[in-house]
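K.L.:
I'd like to ask some things about the structure below.
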Amino acid sequence: MSKEADRLEGVGDEESKEEGKERRPDAPEATTLSPRRGDAPQASPPRLVSVEELMETAKGVTNMALAHELMVNQDFQVKPAVLPEGSLERQVKEIMHKAFWDCLEDQLMEEPQTYGHAIKLLAEIRETLLSFLLPGHGRLRSRIEEVLDLPLIQQQAENGALDIGALSQFIVGMMGSLCAPARDGDIGKLKEIPNMVPLLKAIFSVLDLMKVDMANFALTSIRPHLMQQSVEYERSKFQGFLEKHPNALDFTEKWLEDVVRRLREDASCGAAAADPPSLLAVNVHDCAYLRLLSWDHASDPFPETVLMDQARFQEMHWEEEQLVVLSSVLLIVYTTTGEAISGLPGLMETLKGVVNAMLADMHAPSFSLQEALATIGEKLCVELSQCLSQHGYSPFAADRKGPLRGQISAIMQPDNTVRKLMESRVQNYLLASLKSTQHKTPPPLPGGLAPVAREVKELAVRFSRLVNFNKLVFSPFYQKILQKLLTAGESPSAGT
């Protein structure tokens, strides 16, 4: 869990029963006014929270975040646990493991050999192999139970007839039958280890990797069947959190309220005041999600219902900004240079590669857009001159390079005409993609975005998937808030 758990779980402070309200975990002071509309009561001093209450809240938020991650992140995978280098836990683990393997080696070197530790390892390996089997693997199950028959192995050990080398080879062969293709190389290395203790140690390392592979296979298999259960699970968890923290939707209300006010002041998303309430609610909701792509994360608290996806919305905002700059540069180049380059094969991809390389670290703290655009202007002039010469056209004239570099550098201004135009078109496409998901047909691509069509469409798919899942989970909460906002009169604050 990251800051989502810290913020939702937070201080966990509840106000006195007389107030019936709880201070937000991220409220700076106990006297801070709630962001709710109207004359909200001041928060009461926090009461002490028991460790049990805090742990229960943390566990609930953690489980909800994990279920959410599984649904919205198609690349989500279980990864092997790696303890930090030099940590106390890692040191203790290494010491304990070394002591165990040293003891095993001593037992196998004794005369006669003793197999106490080895039999424990075989029992664990047996259970691990059986856990990998599917219901249809009856023959493999019988074979494992027959060869790794622990009472028989114990009896053989007592009589000095145990061939642990043969059992190890059987285990390696069975692992090769059950492992993913990606582990074939690891299985091959196991077959090359001659000494028993290093072999058993390596077997356990590969089994740990196979456990991770099996977990990821299970996640991939069940993900399509988890949608409805995950929606209900997240909703119920949030409802339980809301019952304990009654003002846990304050920032969500403020987010939607701000969008309603902006739409009524300027119908920039195409909504009219005379629209039916249901249509207006849909319009407000979609525009509210689009608003998250331009959120000021440094100063404005993120809405609670989308808090677990704050990082994703921020990353999509960065992608959107980069696409806007990229498409603006390409539009300027092709409108300035004219028809001479319009049909040249491969030129568009070459120019895109140059611009993308310069914008790769666009949102790094040390990045300077002014310097990057200046360099882009110089490099594109060189590329254009070379390309025109190669195809038999006149070289790119010097008197045209200056204006081109100037127009490219001007993109750094947020109110630049070309930049605002491309930003509007990208946002309109994203907004249209939300509306088109109901019809399962992608919206037409606005003019000027053809050079970045693939990137814009991929962004729209991820944006729509994230938004639609959020709608499924939190729609009952949104409906109540929007109904209250949209029936409050001409102004959202009319009732305050």
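Chain labels A, B, ... are given in the sequence in which chains occur in the structure tokens; within each chain residues are numbered consecutively from 1, and ligands are likewise numbered from 1 in the order shown.
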Any idea what's packed within 12 Å of Leu134 (chain A), counting only C-alpha atoms, ignoring anything in its chain fewer than 5 positions away? Could you give it as a PyMOL selection string?

P.N.:
chain A and resi 129+139-141+178+214+218

K.L.:
For each of A:Leu162, A:Ile119, A:Val418, A:Leu347, take the minimum atom-to-atom distance to Leu388 (chain A), counting only C-alpha atoms, then give the residue where this is smallest.

P.N.:
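Looking only at the distances to Leu388 (chain A), the closest residue turns out to be A:Leu347.
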
K.L.:
When you look at Trp295 (chain A) with a cut-off of 10 Å (counting only C-alpha atoms), what residues show up, excluding the ones that are within fewer than 3 positions of it in the same chain? I need them as a VMD selection string.

P.N.:
chain A and resid 290 to 292 298 to 302 310 313 to 314 317

K.L.:
Can you write out the residues you just picked, keeping N, CA, C and O atoms, as a JSON list (two decimals), in the first residue's frame?

P.N.:
[["chain", "number", "residue", "atom", "x", "y", "z"],
["A", 290, "LEU", "N", -12.46, 13.73, -17.01],
["A", 290, "LEU", "CA", -11.49, 14.42, -17.86],
["A", 290, "LEU", "C", -10.74, 15.48, -17.06],
["A", 290, "LEU", "O", -9.55, 15.72, -17.28],
["A", 291, "ARG", "N", -11.42, 16.08, -16.13],
["A", 291, "ARG", "CA", -10.79, 17.09, -15.26],
["A", 291, "ARG", "C", -9.63, 16.49, -14.45],
["A", 291, "ARG", "O", -8.66, 17.18, -14.12],
["A", 292, "LEU", "N", -9.70, 15.21, -14.15],
["A", 292, "LEU", "CA", -8.64, 14.57, -13.37],
["A", 292, "LEU", "C", -7.31, 14.53, -14.12],
["A", 292, "LEU", "O", -6.26, 14.40, -13.50],
["A", 298, "ALA", "N", -0.32, 18.86, -6.49],
["A", 298, "ALA", "CA", 0.49, 19.43, -5.40],
["A", 298, "ALA", "C", -0.37, 20.19, -4.40],
["A", 298, "ALA", "O", -0.03, 20.24, -3.21],
["A", 299, "SER", "N", -1.48, 20.78, -4.85],
["A", 299, "SER", "CA", -2.25, 21.65, -3.96],
["A", 299, "SER", "C", -3.67, 21.18, -3.69],
["A", 299, "SER", "O", -4.24, 21.51, -2.65],
["A", 300, "ASP", "N", -4.27, 20.42, -4.61],
["A", 300, "ASP", "CA", -5.67, 20.02, -4.45],
["A", 300, "ASP", "C", -5.76, 18.56, -4.02],
["A", 300, "ASP", "O", -5.22, 17.68, -4.70],
["A", 301, "PRO", "N", -6.44, 18.28, -2.90],
["A", 301, "PRO", "CA", -6.63, 16.87, -2.51],
["A", 301, "PRO", "C", -7.42, 16.12, -3.57],
["A", 301, "PRO", "O", -8.39, 16.62, -4.11],
["A", 302, "PHE", "N", -6.96, 14.92, -3.87],
["A", 302, "PHE", "CA", -7.60, 14.12, -4.91],
["A", 302, "PHE", "C", -8.89, 13.52, -4.36],
["A", 302, "PHE", "O", -8.98, 13.16, -3.19],
["A", 310, "GLN", "N", -4.85, 7.60, -8.40],
["A", 310, "GLN", "CA", -4.26, 8.92, -8.59],
["A", 310, "GLN", "C", -2.99, 8.86, -9.43],
["A", 310, "GLN", "O", -2.80, 9.66, -10.36],
["A", 313, "PHE", "N", -3.89, 8.34, -13.14],
["A", 313, "PHE", "CA", -4.39, 9.55, -13.80],
["A", 313, "PHE", "C", -3.25, 10.54, -14.04],
["A", 313, "PHE", "O", -3.21, 11.22, -15.07],
["A", 314, "GLN", "N", -2.33, 10.62, -13.11],
["A", 314, "GLN", "CA", -1.20, 11.53, -13.30],
["A", 314, "GLN", "C", -0.32, 11.06, -14.46],
["A", 314, "GLN", "O", 0.13, 11.87, -15.28],
["A", 317, "HIS", "N", -2.02, 11.90, -17.63],
["A", 317, "HIS", "CA", -1.90, 13.33, -17.89],
["A", 317, "HIS", "C", -0.55, 13.64, -18.52],
["A", 317, "HIS", "O", -0.46, 14.43, -19.48]]

K.L.:
Quick one: residues within 10 Å of Ala182 (chain A), only C-alpha atoms, excluding same-chain residues fewer than 5 positions away - as a PyMOL selection string?

P.N.:
chain A and resi 187+210+213

K.L.:
Could you turn the residues from that selection into a file that holds N, CA and C atoms, as a PDB file, in the first residue's frame?

P.N.:
ATOM      1  N   ILE A 187      15.377 -25.717 -15.156  1.00  0.00           N
ATOM      2  CA  ILE A 187      15.329 -27.166 -14.947  1.00  0.00           C
ATOM      3  C   ILE A 187      16.577 -27.819 -15.545  1.00  0.00           C
ATOM      4  N   MET A 210       8.376 -21.306  -9.476  1.00  0.00           N
ATOM      5  CA  MET A 210       7.209 -21.987 -10.030  1.00  0.00           C
ATOM      6  C   MET A 210       5.937 -21.624  -9.269  1.00  0.00           C
ATOM      7  N   ASP A 213       4.894 -18.399 -10.746  1.00  0.00           N
ATOM      8  CA  ASP A 213       4.308 -18.644 -12.069  1.00  0.00           C
ATOM      9  C   ASP A 213       2.879 -19.165 -11.943  1.00  0.00           C
TER      10      ASP A 213
END
